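Undergrad: Next comes the structure file input-v3.txt, holding compact mmCIF, C-alpha atoms.
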# COMPACT_ATOMS: atom_id res chain seq x y z
CA LEU A 186 -178.20 -95.54 -67.40
CA LEU A 187 -176.54 -97.67 -64.73
CA LEU A 188 -174.88 -99.78 -67.44
CA VAL A 189 -173.55 -96.65 -69.09
CA LEU A 190 -172.26 -95.29 -65.78
CA GLY A 191 -170.60 -98.59 -65.00
CA THR A 192 -168.88 -98.57 -68.38
CA VAL A 193 -167.76 -95.01 -67.90
CA SER A 194 -166.49 -95.85 -64.42
CA CYS A 195 -164.41 -98.73 -65.72
CA THR A 196 -163.06 -96.55 -68.52
CA LEU A 197 -162.06 -93.85 -66.05
CA PHE A 198 -160.17 -96.28 -63.85
CA LEU A 199 -158.58 -98.48 -66.48
CA THR A 200 -155.19 -97.09 -65.57
CA VAL A 201 -155.69 -98.38 -62.02
CA ASN A 202 -156.87 -101.91 -62.70
CA CYS A 203 -160.28 -103.25 -63.64
CA LEU A 204 -159.40 -106.95 -63.70
CA TYR A 205 -157.81 -107.83 -60.36
CA SER A 206 -158.09 -106.54 -56.81
CA ALA A 207 -156.25 -107.00 -53.53
CA SER A 208 -158.84 -109.56 -52.41
CA ASP A 209 -157.84 -111.97 -55.22
CA ASP A 210 -155.16 -114.65 -54.89
CA VAL A 211 -153.55 -113.19 -58.00
CA ILE A 212 -150.51 -111.12 -56.98
CA GLU A 213 -150.34 -107.76 -58.74
CA LEU A 214 -146.82 -107.20 -60.11
CA THR A 215 -145.17 -103.89 -61.05
CA PRO A 216 -141.63 -102.74 -61.92
CA THR A 217 -141.25 -101.85 -58.23
CA ASN A 218 -141.89 -105.31 -56.82
CA PHE A 219 -141.24 -107.65 -59.77
CA ASN A 220 -137.56 -108.28 -58.99
CA LYS A 221 -138.14 -109.00 -55.31
CA GLU A 222 -141.31 -111.06 -55.78
CA VAL A 223 -140.42 -113.05 -58.90
CA ILE A 224 -136.73 -112.87 -59.86
CA GLN A 225 -135.37 -113.31 -56.33
CA SER A 226 -137.96 -115.94 -55.44
CA ASP A 227 -137.27 -119.66 -55.19
CA SER A 228 -140.91 -120.32 -56.13
CA LEU A 229 -142.32 -121.23 -59.51
CA TRP A 230 -144.31 -118.31 -60.95
CA LEU A 231 -147.03 -118.05 -63.58
CA VAL A 232 -147.33 -114.43 -64.72
CA GLU A 233 -150.01 -112.98 -66.99
CA PHE A 234 -149.16 -109.82 -68.91
CA TYR A 235 -152.47 -108.14 -69.75
CA ALA A 236 -154.17 -104.93 -70.76
CA PRO A 237 -157.42 -103.95 -68.97
CA TRP A 238 -159.14 -103.06 -72.26
CA CYS A 239 -158.29 -106.42 -73.88
CA GLY A 240 -161.37 -108.65 -74.38
CA HIS A 241 -159.35 -111.89 -74.25
CA CYS A 242 -157.78 -110.72 -70.97
CA GLN A 243 -161.18 -109.98 -69.50
CA ARG A 244 -162.42 -113.47 -70.44
CA LEU A 245 -159.30 -115.05 -68.93
CA THR A 246 -159.63 -113.17 -65.63
CA PRO A 247 -162.06 -115.48 -63.79
CA GLU A 248 -160.12 -118.59 -64.89
CA TRP A 249 -156.82 -116.98 -63.82
CA LYS A 250 -158.30 -116.18 -60.41
CA LYS A 251 -159.58 -119.75 -59.98
CA ALA A 252 -156.16 -121.16 -60.91
CA ALA A 253 -154.47 -118.79 -58.44
CA THR A 254 -156.74 -119.96 -55.63
CA ALA A 255 -156.21 -123.64 -56.48
CA LEU A 256 -152.39 -123.20 -56.62
CA LYS A 257 -152.16 -121.04 -53.50
CA GLY A 258 -149.15 -122.10 -51.39
CA VAL A 259 -147.89 -124.33 -54.23
CA VAL A 260 -147.22 -122.08 -57.23
CA LYS A 261 -147.29 -118.27 -57.29
CA VAL A 262 -149.70 -116.69 -59.77
CA GLY A 263 -149.24 -113.04 -60.73
CA ALA A 264 -150.45 -110.44 -63.19
CA VAL A 265 -148.82 -107.39 -64.79
CA ASP A 266 -150.79 -104.53 -66.30
CA ALA A 267 -148.48 -104.32 -69.30
CA ASP A 268 -150.46 -101.43 -70.74
CA LYS A 269 -149.54 -99.34 -67.71
CA HIS A 270 -146.09 -100.88 -67.20
CA GLN A 271 -144.90 -101.09 -70.78
CA SER A 272 -141.22 -101.32 -69.80
CA LEU A 273 -141.87 -104.52 -67.86
CA GLY A 274 -143.81 -106.04 -70.74
CA GLY A 275 -141.21 -104.89 -73.22
CA GLN A 276 -138.31 -106.56 -71.44
CA TYR A 277 -140.07 -109.93 -71.70
CA GLY A 278 -141.01 -109.47 -75.33
CA VAL A 279 -144.74 -109.07 -74.78
CA ARG A 280 -146.32 -108.24 -78.15
CA GLY A 281 -149.96 -109.19 -77.54
CA PHE A 282 -152.44 -109.70 -74.73
CA PRO A 283 -152.76 -111.79 -72.71
CA THR A 284 -149.23 -113.25 -72.68
CA ILE A 285 -148.50 -115.84 -70.00
CA LYS A 286 -144.92 -116.61 -68.89
CA ILE A 287 -143.62 -119.36 -66.60
CA PHE A 288 -140.70 -118.34 -64.39
CA GLY A 289 -139.06 -121.56 -63.20
CA ALA A 290 -135.58 -122.45 -61.95
CA ASN A 291 -133.91 -120.00 -64.32
CA LYS A 292 -135.76 -116.78 -63.68
CA ASN A 293 -133.86 -115.03 -66.46
CA LYS A 294 -135.19 -117.42 -69.11
CA ALA A 295 -138.94 -117.40 -68.74
CA GLU A 296 -140.92 -119.87 -70.87
CA ASP A 297 -144.04 -119.00 -72.84
CA TYR A 298 -147.24 -120.75 -71.79
CA GLN A 299 -149.05 -122.02 -74.88
CA GLY A 300 -151.80 -124.10 -73.21
CA GLY A 301 -155.52 -123.64 -72.85
CA ARG A 302 -157.12 -120.66 -71.15
CA THR A 303 -159.19 -122.64 -68.62
CA SER A 304 -158.29 -122.92 -64.95
CA ASP A 305 -157.85 -126.71 -65.33
CA ALA A 306 -155.36 -126.32 -68.18
CA ILE A 307 -153.45 -123.60 -66.33
CA VAL A 308 -153.21 -125.70 -63.14
CA ASP A 309 -152.06 -128.77 -65.12
CA ALA A 310 -149.32 -126.74 -66.83
CA ALA A 311 -148.23 -125.25 -63.50
CA LEU A 312 -147.93 -128.66 -61.85
CA SER A 313 -146.04 -130.05 -64.85
CA ALA A 314 -143.57 -127.15 -64.68
CA LEU A 315 -143.28 -127.65 -60.93
CA ARG A 316 -142.45 -131.34 -61.40
CA SER A 317 -139.70 -130.41 -63.89
CA LEU A 318 -138.27 -127.81 -61.50
CA VAL A 319 -138.13 -130.30 -58.62
CA LYS A 320 -136.51 -132.98 -60.81
CA ASP A 321 -133.90 -130.48 -61.99
CA ARG A 322 -133.09 -129.60 -58.39
CA LEU A 323 -132.84 -133.29 -57.55
CA SER A 324 -130.33 -133.83 -60.34
CA GLY A 325 -128.37 -130.70 -59.41
CA ARG A 326 -129.30 -128.71 -62.51
CA SER A 327 -130.36 -125.10 -62.62
CA GLY A 328 -129.71 -122.09 -64.77
CA GLY A 329 -129.33 -118.33 -65.06
CA TYR A 330 -127.76 -116.24 -62.38
CA SER A 331 -129.78 -118.26 -59.87
CA SER A 332 -132.80 -116.39 -58.63
CA GLY A 333 -131.04 -113.10 -58.06
CA LYS A 334 -128.67 -114.61 -55.50
CA GLN A 335 -125.34 -116.36 -55.64
CA SER A 336 -126.13 -119.85 -56.79
CA ARG A 337 -124.84 -122.78 -54.81
CA GLU A 338 -124.64 -125.34 -57.57
CA SER A 339 -121.28 -126.61 -58.65
CA GLY A 340 -119.89 -127.98 -61.86
CA GLY A 341 -118.60 -126.68 -65.15
CA GLY A 342 -120.05 -123.39 -66.33
CA ASP A 343 -122.19 -122.69 -63.26
CA LYS A 344 -122.73 -119.20 -61.91
CA LYS A 345 -121.99 -119.82 -58.24
CA ASP A 346 -119.40 -117.03 -58.08
CA VAL A 347 -121.34 -114.38 -60.02
CA ILE A 348 -123.01 -112.08 -57.49
CA GLU A 349 -126.43 -110.88 -58.59
CA LEU A 350 -126.98 -107.27 -57.52
CA THR A 351 -130.21 -105.29 -57.31
CA ASP A 352 -131.33 -101.72 -56.70
CA ASP A 353 -131.60 -102.63 -53.02
CA SER A 354 -128.31 -104.48 -52.58
CA PHE A 355 -125.96 -102.57 -54.89
CA ASP A 356 -124.84 -99.67 -52.71
CA LYS A 357 -124.18 -101.66 -49.53
CA ASN A 358 -122.12 -104.21 -51.47
CA VAL A 359 -120.26 -102.12 -54.03
CA ILE A 360 -120.04 -98.46 -53.02
CA ASN A 361 -117.18 -97.87 -50.55
CA SER A 362 -116.16 -101.52 -50.75
CA ASP A 363 -112.43 -102.10 -50.41
CA ASP A 364 -112.73 -104.75 -53.12
CA VAL A 365 -112.78 -104.15 -56.86
CA TRP A 366 -116.09 -104.92 -58.61
CA MET A 367 -116.62 -105.77 -62.27
CA VAL A 368 -120.36 -105.46 -62.87
CA GLU A 369 -122.21 -106.66 -65.95
CA PHE A 370 -125.48 -104.89 -66.71
CA TYR A 371 -127.55 -107.28 -68.82
CA ALA A 372 -131.01 -107.91 -70.20
CA PRO A 373 -132.49 -111.43 -70.14
CA TRP A 374 -133.56 -111.20 -73.79
CA CYS A 375 -130.20 -109.93 -75.06
CA GLY A 376 -128.35 -112.42 -77.28
CA HIS A 377 -124.91 -110.93 -76.60
CA CYS A 378 -125.60 -111.23 -72.86
CA LYS A 379 -126.46 -114.91 -73.26
CA ASN A 380 -123.20 -115.45 -75.15
CA LEU A 381 -121.26 -113.67 -72.42
CA GLU A 382 -122.96 -115.54 -69.56
CA PRO A 383 -120.80 -118.74 -69.52
CA GLU A 384 -117.61 -116.71 -70.02
CA TRP A 385 -118.54 -114.35 -67.18
CA ALA A 386 -119.39 -117.27 -64.90
CA ALA A 387 -116.15 -119.15 -65.60
CA ALA A 388 -114.11 -115.97 -65.14
CA ALA A 389 -115.86 -115.23 -61.84
CA THR A 390 -114.73 -118.54 -60.35
CA GLU A 391 -111.14 -118.17 -61.57
CA VAL A 392 -110.88 -114.54 -60.45
CA LYS A 393 -112.29 -115.32 -57.01
CA GLU A 394 -109.63 -117.99 -56.53
CA GLN A 395 -106.68 -116.02 -57.90
CA THR A 396 -107.46 -112.78 -56.07
CA LYS A 397 -108.77 -114.45 -52.89
CA GLY A 398 -112.07 -112.65 -53.39
CA LYS A 399 -110.54 -109.17 -53.72
CA VAL A 400 -111.96 -108.75 -57.22
CA LYS A 401 -115.63 -109.65 -57.56
CA LEU A 402 -117.67 -110.29 -60.69
CA ALA A 403 -121.34 -109.35 -60.48
CA ALA A 404 -124.42 -109.04 -62.66
CA VAL A 405 -127.37 -106.63 -62.69
CA ASP A 406 -130.57 -107.22 -64.64
CA ALA A 407 -130.83 -103.68 -65.92
CA THR A 408 -134.37 -104.17 -67.20
CA VAL A 409 -135.62 -104.88 -63.68
CA ASN A 410 -133.22 -102.67 -61.70
CA GLN A 411 -133.98 -99.49 -63.58
CA MET A 412 -132.73 -97.17 -60.86
CA LEU A 413 -129.20 -98.56 -61.32
CA ALA A 414 -129.50 -98.59 -65.09
CA GLY A 415 -130.52 -94.92 -65.02
CA ARG A 416 -127.84 -93.91 -62.52
CA TYR A 417 -125.05 -95.37 -64.64
CA GLY A 418 -126.48 -94.44 -68.02
CA ILE A 419 -126.87 -97.98 -69.33
CA ARG A 420 -127.95 -97.72 -72.99
CA GLY A 421 -126.93 -101.09 -74.42
CA PHE A 422 -126.41 -104.66 -73.29
CA PRO A 423 -124.22 -106.06 -72.01
CA THR A 424 -122.44 -103.08 -70.44
CA ILE A 425 -119.59 -103.86 -68.03
CA LYS A 426 -118.42 -101.27 -65.52
CA ILE A 427 -115.51 -101.35 -63.07
CA PHE A 428 -116.04 -99.95 -59.58
CA GLN A 429 -113.14 -99.08 -57.27
CA LYS A 430 -113.31 -97.30 -53.94
CA GLY A 431 -112.98 -93.55 -54.20
CA GLU A 432 -113.08 -93.52 -58.01
CA ASP A 433 -115.76 -92.96 -60.60
CA PRO A 434 -116.84 -96.15 -62.38
CA VAL A 435 -115.18 -96.80 -65.72
CA ASP A 436 -116.33 -98.86 -68.68
CA TYR A 437 -114.66 -102.18 -69.40
CA ASP A 438 -113.98 -102.22 -73.12
CA GLY A 439 -111.87 -105.37 -73.37
CA GLY A 440 -112.61 -108.73 -74.95
CA ARG A 441 -115.56 -110.87 -73.92
CA THR A 442 -113.78 -114.20 -73.47
CA ARG A 443 -113.04 -115.58 -70.03
CA SER A 444 -109.29 -115.15 -70.58
CA ASP A 445 -109.77 -111.46 -71.48
CA ILE A 446 -111.93 -110.90 -68.42
CA ILE A 447 -109.56 -112.76 -66.10
CA ALA A 448 -106.55 -110.84 -67.42
CA ARG A 449 -108.25 -107.50 -66.77
CA ALA A 450 -109.38 -108.61 -63.31
CA LEU A 451 -105.84 -109.66 -62.38
CA ASP A 452 -104.50 -106.33 -63.61
CA LEU A 453 -107.03 -104.55 -61.41
CA PHE A 454 -106.05 -106.75 -58.50
CA SER A 455 -102.33 -106.15 -58.84
CA ASP A 456 -102.81 -102.42 -59.42
CA ASN A 457 -104.63 -102.21 -56.09
CA ALA A 458 -102.54 -104.73 -54.18
CA PRO A 459 -99.64 -103.64 -52.02
CA PRO A 460 -96.21 -104.90 -53.11
CA PRO A 461 -95.27 -108.28 -51.69
CA GLU A 462 -93.40 -108.42 -48.40
CA LEU A 463 -89.63 -108.68 -48.49
CA LEU A 464 -88.78 -111.24 -45.78
CA GLU A 465 -85.50 -112.14 -44.18
CA ILE A 466 -84.83 -115.89 -44.03
CA ILE A 467 -84.59 -116.27 -40.28
CA ASN A 468 -85.84 -119.87 -40.13
CA GLU A 469 -87.00 -122.76 -42.27
CA ASP A 470 -90.66 -121.82 -42.10
CA VAL A 471 -90.09 -118.43 -43.76
CA LEU A 472 -88.36 -120.04 -46.73
CA LYS A 473 -90.74 -122.98 -47.15
CA SER A 474 -94.00 -121.07 -46.70
CA THR A 475 -92.95 -118.29 -49.09
CA CYS A 476 -91.56 -120.53 -51.81
CA ASP A 477 -94.39 -123.07 -51.59
CA ALA A 478 -97.06 -120.37 -51.85
CA HIS A 479 -95.70 -118.66 -54.98
CA GLN A 480 -94.78 -119.71 -58.49
CA LEU A 481 -91.30 -118.26 -57.98
CA CYS A 482 -89.48 -116.99 -54.94
CA ILE A 483 -86.71 -114.46 -55.50
CA VAL A 484 -83.86 -115.09 -53.03
CA SER A 485 -81.12 -112.51 -52.53
CA VAL A 486 -77.93 -113.07 -50.57
CA LEU A 487 -76.60 -109.71 -49.40
CA PRO A 488 -73.06 -108.96 -48.22
CA HIS A 489 -72.24 -109.25 -44.53
CA ILE A 490 -73.31 -106.22 -42.52
CA LEU A 491 -69.65 -105.45 -41.70
CA ASP A 492 -68.95 -105.08 -45.42
CA THR A 493 -71.77 -102.64 -46.16
CA GLY A 494 -73.09 -101.12 -42.95
CA ALA A 495 -76.77 -100.35 -42.54
CA SER A 496 -76.92 -97.74 -45.32
CA GLY A 497 -75.33 -100.08 -47.86
CA ARG A 498 -77.66 -102.93 -46.94
CA ASN A 499 -80.71 -100.69 -47.09
CA SER A 500 -79.75 -99.55 -50.57
CA TYR A 501 -79.77 -103.20 -51.72
CA LEU A 502 -83.11 -103.79 -49.97
CA ASP A 503 -84.53 -100.68 -51.66
CA VAL A 504 -83.60 -102.07 -55.07
CA MET A 505 -85.38 -105.34 -54.21
CA LEU A 506 -88.47 -103.49 -52.99
CA LYS A 507 -88.65 -101.49 -56.22
CA MET A 508 -88.43 -104.68 -58.25
CA ALA A 509 -91.04 -106.36 -56.05
CA GLU A 510 -93.38 -103.42 -56.76
CA LYS A 511 -92.62 -103.51 -60.48
CA TYR A 512 -93.31 -107.25 -60.75
CA LYS A 513 -96.10 -107.50 -58.17
CA LYS A 514 -98.53 -108.67 -60.86
CA LYS A 515 -96.51 -111.87 -61.02
CA MET A 516 -97.28 -112.51 -57.35
CA TRP A 517 -93.80 -113.88 -56.60
CA GLY A 518 -92.32 -114.27 -53.13
CA TRP A 519 -89.31 -112.14 -52.10
CA LEU A 520 -86.63 -113.24 -49.59
CA TRP A 521 -83.16 -112.24 -48.48
CA THR A 522 -80.41 -113.48 -46.22
CA GLU A 523 -76.96 -112.36 -45.15
CA ALA A 524 -73.86 -113.92 -46.68
CA GLY A 525 -72.76 -116.89 -44.61
CA ALA A 526 -75.97 -117.10 -42.54
CA GLN A 527 -77.40 -119.87 -44.75
CA SER A 528 -74.29 -121.32 -46.39
CA ASP A 529 -76.01 -124.61 -47.31
CA LEU A 530 -78.73 -122.71 -49.14
CA GLU A 531 -76.12 -120.65 -50.97
CA SER A 532 -74.35 -123.79 -52.15
CA SER A 533 -77.60 -125.40 -53.32
CA LEU A 534 -78.31 -122.31 -55.43
CA GLY A 535 -74.87 -122.12 -56.97
CA ILE A 536 -73.90 -118.98 -55.11
CA GLY A 537 -71.31 -120.81 -53.05
CA GLY A 538 -69.65 -118.28 -50.80
CA PHE A 539 -68.61 -115.46 -53.13
CA GLY A 540 -69.88 -112.73 -55.47
CA TYR A 541 -72.21 -110.84 -53.11
CA PRO A 542 -74.82 -109.52 -53.53
CA ALA A 543 -76.33 -112.43 -55.44
CA MET A 544 -79.85 -113.36 -56.53
CA ALA A 545 -81.60 -116.58 -57.51
CA ALA A 546 -85.17 -117.20 -58.69
CA VAL A 547 -86.42 -120.53 -57.38
CA ASN A 548 -89.33 -122.66 -58.58
CA ALA A 549 -90.02 -124.79 -55.48
CA ARG A 550 -92.44 -127.11 -57.31
CA LYS A 551 -89.84 -128.09 -59.90
CA MET A 552 -86.86 -127.50 -57.57
CA LYS A 553 -85.11 -125.50 -60.26
CA PHE A 554 -83.46 -122.11 -60.07
CA ALA A 555 -82.05 -119.38 -62.30
CA LEU A 556 -79.14 -117.21 -61.24
CA LEU A 557 -78.72 -113.47 -61.78
CA LYS A 558 -75.70 -113.07 -64.06
CA GLY A 559 -75.86 -109.31 -64.49
CA SER A 560 -75.42 -106.51 -61.98
CA PHE A 561 -77.40 -106.33 -58.74
CA SER A 562 -79.07 -103.09 -59.82
CA GLU A 563 -82.51 -102.02 -60.97
CA GLN A 564 -81.47 -102.42 -64.59
CA GLY A 565 -79.69 -105.75 -64.10
CA ILE A 566 -82.43 -107.32 -61.98
CA ASN A 567 -85.17 -105.99 -64.26
CA GLU A 568 -83.48 -107.64 -67.25
CA PHE A 569 -83.14 -110.91 -65.31
CA LEU A 570 -86.77 -110.95 -64.17
CA ARG A 571 -88.11 -109.87 -67.55
CA GLU A 572 -86.41 -112.85 -69.17
CA LEU A 573 -87.85 -115.15 -66.52
CA SER A 574 -91.35 -113.75 -66.95
CA VAL A 575 -91.39 -114.72 -70.63
CA GLY A 576 -89.94 -118.16 -69.97
CA ARG A 577 -86.38 -117.47 -71.06
CA GLY A 578 -83.12 -117.85 -69.19
CA SER A 579 -81.10 -120.91 -68.22
CA THR A 580 -82.12 -122.94 -65.16
CA ALA A 581 -80.44 -125.60 -63.05
CA PRO A 582 -81.72 -128.09 -60.47
CA VAL A 583 -81.48 -127.08 -56.83
CA GLY A 584 -78.51 -128.89 -55.32
CA GLY A 585 -79.64 -132.12 -53.66
CA GLY A 586 -83.10 -131.83 -55.25
CA ALA A 587 -84.57 -130.15 -52.17
CA PHE A 588 -83.99 -127.17 -49.93
CA PRO A 589 -81.17 -127.85 -47.46
CA LYS A 590 -81.39 -127.36 -43.72
CA ILE A 591 -82.13 -123.76 -42.83
CA HIS A 592 -80.59 -122.37 -39.66
CA SER A 593 -82.61 -120.22 -37.29
CA VAL A 594 -80.94 -116.80 -36.93
CA GLU A 595 -81.76 -113.55 -35.23
CA PRO A 596 -83.38 -111.03 -37.59
CA TRP A 597 -81.31 -108.02 -38.59
CA ASP A 598 -81.86 -105.17 -36.14
CA GLY A 599 -81.40 -102.49 -38.79
CA LYS A 600 -78.13 -101.27 -37.31
CA ASP A 601 -74.52 -101.22 -38.45
CA GLY A 602 -72.63 -104.36 -37.57
CA GLU A 603 -70.12 -104.51 -34.74
CA LEU A 604 -66.91 -106.47 -34.65
CA PRO A 605 -67.02 -109.29 -32.10
CA VAL A 606 -65.58 -108.25 -28.74
CA GLU A 607 -62.26 -110.00 -28.16
CA ASP A 608 -61.39 -111.29 -24.70
CA ASP A 609 -58.92 -109.02 -22.84
CA ILE A 610 -55.56 -110.69 -22.25
CA ASP A 611 -53.98 -110.08 -18.84
CA LEU A 612 -50.23 -109.70 -19.40
CA SER A 613 -49.39 -108.65 -15.83
CA ASP A 614 -47.87 -112.00 -14.93
CA VAL A 615 -45.79 -112.37 -18.07
CA ASP A 616 -42.07 -111.58 -17.89
CA LEU A 617 -41.49 -110.12 -21.32
CA ASP A 618 -37.72 -110.17 -20.89
CA ASP A 619 -37.68 -113.90 -20.23
CA TRP A 620 -40.02 -114.41 -23.16
CA ASP A 621 -37.68 -112.54 -25.45
CA LYS A 622 -34.70 -114.60 -24.29
CA ASP A 623 -36.54 -117.84 -24.84
CA GLU A 624 -37.54 -116.77 -28.33
CA LEU A 625 -33.98 -115.93 -29.15
As C-alpha cells, how would this structure be written, given the file I've shared?

TA:
Amino acid sequence: LLLVLGTVSCTLFLTVNCLYSASDDVIELTPTNFNKEVIQSDSLWLVEFYAPWCGHCQRLTPEWKKAATALKGVVKVGAVDADKHQSLGGQYGVRGFPTIKIFGANKNKAEDYQGGRTSDAIVDAALSALRSLVKDRLSGRSGGYSSGKQSRESGGGDKKDVIELTDDSFDKNVINSDDVWMVEFYAPWCGHCKNLEPEWAAAATEVKEQTKGKVKLAAVDATVNQMLAGRYGIRGFPTIKIFQKGEDPVDYDGGRTRSDIIARALDLFSDNAPPPELLEIINEDVLKSTCDAHQLCIVSVLPHILDTGASGRNSYLDVMLKMAEKYKKKMWGWLWTEAGAQSDLESSLGIGGFGYPAMAAVNARKMKFALLKGSFSEQGINEFLRELSVGRGSTAPVGGGAFPKIHSVEPWDGKDGELPVEDDIDLSDVDLDDWDKDEL
C-alpha cells in the first residue's frame, strides 16, 4: 500500500519535479531564469533536458547530482524539465530524453554531449570542454553574440558592436532613447540567422563609426526573451525592427548584406540628424577643422554687405541652408565668407575677385576643388551638387597645393553694412579766393 501511495504521489507531482530538489547542486532552469543564469553567464554550463516520467532520466539523476557536486564552483550543472517547459526544449532541438547540452564560450551554439551517463564520464567531458574554453580565451577566440553582452574581442567578423538585449534590459536601453535602434530578433537554431550574423556584426562596427554611435545595432534571442517576442509579434526569424523615439517600431525589409544594412542605417541617421552648421570663415581653424573633418566642404563667397544689405545676404544664406538640409546625408561641411575678406582663398579656388556670389566644393584630402558654373540658386546649386555626388564635374587643384593663409576677421553681426566714416576736414583756415587764384 505504501508503494502504491508513493507511486501515486510521484504521479500527482510530476508537473512539479520528481527528480531534483533545491537541496541538490543541480540548478533548476526554467524559461524565466535560463537567459540570466546560462546565456548571460561567463561560466561553462552542462544542462540536462529531461522529462520526470522518463526511465533513462531517472537512472541518470543520481549520476547527474554527483557530477554537479564534484564540479561545484568549477562548472555549472543545470536541469530543465522539458516536459513542463516545452518551449525551452524546443528552441534547442530537444527530441528525446535525456538530452545533455554543453554551453561554452558561444552560448548561442550549444554542443550536444554524446559521452557516457556516469558521473566520471560527465566530469571528464566537462573538464575537457572547460580546457577548450580557456584555451580559446587565451588565443582571443570566442563566438556568438558573446554571452548576452557586448563582446570585447576584436578582429574581423567579431560581434563587439552588436548589443545583446534581453527582456530586462530592452526598455531602459531602447524605449525613449534619442538614438535609433535596429534590432534583430533571432533564434540560435535558425539557419538564416546564422547567415545574417557576420553581416550584422560587420555592419554594427561600421555604423557605430559612421554615425558616432547614434544608430545602434542590437540582437535579441527571441526564443529566450519571449516577453519581447510576444510584445512585437515575432513570428519568424530573423525579424529586424527599427525603433525611433516617439514612433511605433517598423519592420526592416531591406537586403541582408552588410552594405544593405549600413545604407539603411545611414539613411536613418541622416533623416534624424539636424542639418550641418553653416559657418563663417572667421579664422584659419574654422576652415581647417571643417574641411579636414568632411569629405567635401562647400565654400561660398558672398557679395560685400554694402552690395546686398542684411536681407540680401540672408537670402543667399537661406539658399545654402536649404541645400545643406537637402544634402545632409552626404555629411559635407558648409562655409561662407564675404568677398574680399579672404582674397588669398578666393584666388586659390579660382574665384579671384569677381562674380559674386560664388561657390566651390573642396576636397581637402586631395586638395582639389570644383567651381559652381551655374546660378547661385536652389536649382543651380542643386545641379552642381548632384553632379558632384555621382562623381561628375570638372575639378582643378587648389592653387599652391594647400590652403593659403586665412585672416582672422570679426564675424558678421547680422546688420546692414555702414560706409566707413570719413574724417571731417576743417576748412576754416583756408582762403578759398587765394586758392582759386593759384589754380588759375

Undergrad: Which distance in Å separates atom CA of A:Arg280 and atom CA of A:Ile425, to one decimal?

TA: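 Computing it gives 28.9 Å between the two atoms.
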
Undergrad: One decimal, Å: what's the distance from atom CA of A:Ile483 over to atom CA of A:Ala543, could you say?

TA: 10.6 Å

Undergrad: Atom CA of A:Lys261 and atom CA of A:Trp230, how far apart in Å?

TA: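 According to the coordinates, atom CA of A:Trp230 and atom CA of A:Lys261 are separated by 4.7 Å.
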
Undergrad: Rank nothing, just name the residue among A:Leu453, A:Pro434, A:Cys375, A:Gln411 nearest to A:Thr396, using only C-alpha atoms.

TA: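 Looking at the shortest contact to A:Thr396, the residue is A:Leu453.
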
Undergrad: Counting only C-alpha atoms, which residues of stretch 540-569 of chain A fall within 10 Å of stretch 519-529 of chain A, and what is the closest atom pair for each with its distance in Å at one decimal, ordered by chain and rising number, as JSON lines?

TA:
{"residue": "A:Gly540", "atom": "CA", "partner": "A:Ala524", "partner_atom": "CA", "distance": 9.7}
{"residue": "A:Tyr541", "atom": "CA", "partner": "A:Ala524", "partner_atom": "CA", "distance": 7.3}
{"residue": "A:Pro542", "atom": "CA", "partner": "A:Ala524", "partner_atom": "CA", "distance": 8.2}
{"residue": "A:Ala543", "atom": "CA", "partner": "A:Ala524", "partner_atom": "CA", "distance": 9.2}
{"residue": "A:Met544", "atom": "CA", "partner": "A:Trp521", "partner_atom": "CA", "distance": 8.8}
{"residue": "A:Ala545", "atom": "CA", "partner": "A:Leu520", "partner_atom": "CA", "distance": 10.0}
{"residue": "A:Ala546", "atom": "CA", "partner": "A:Trp519", "partner_atom": "CA", "distance": 9.3}
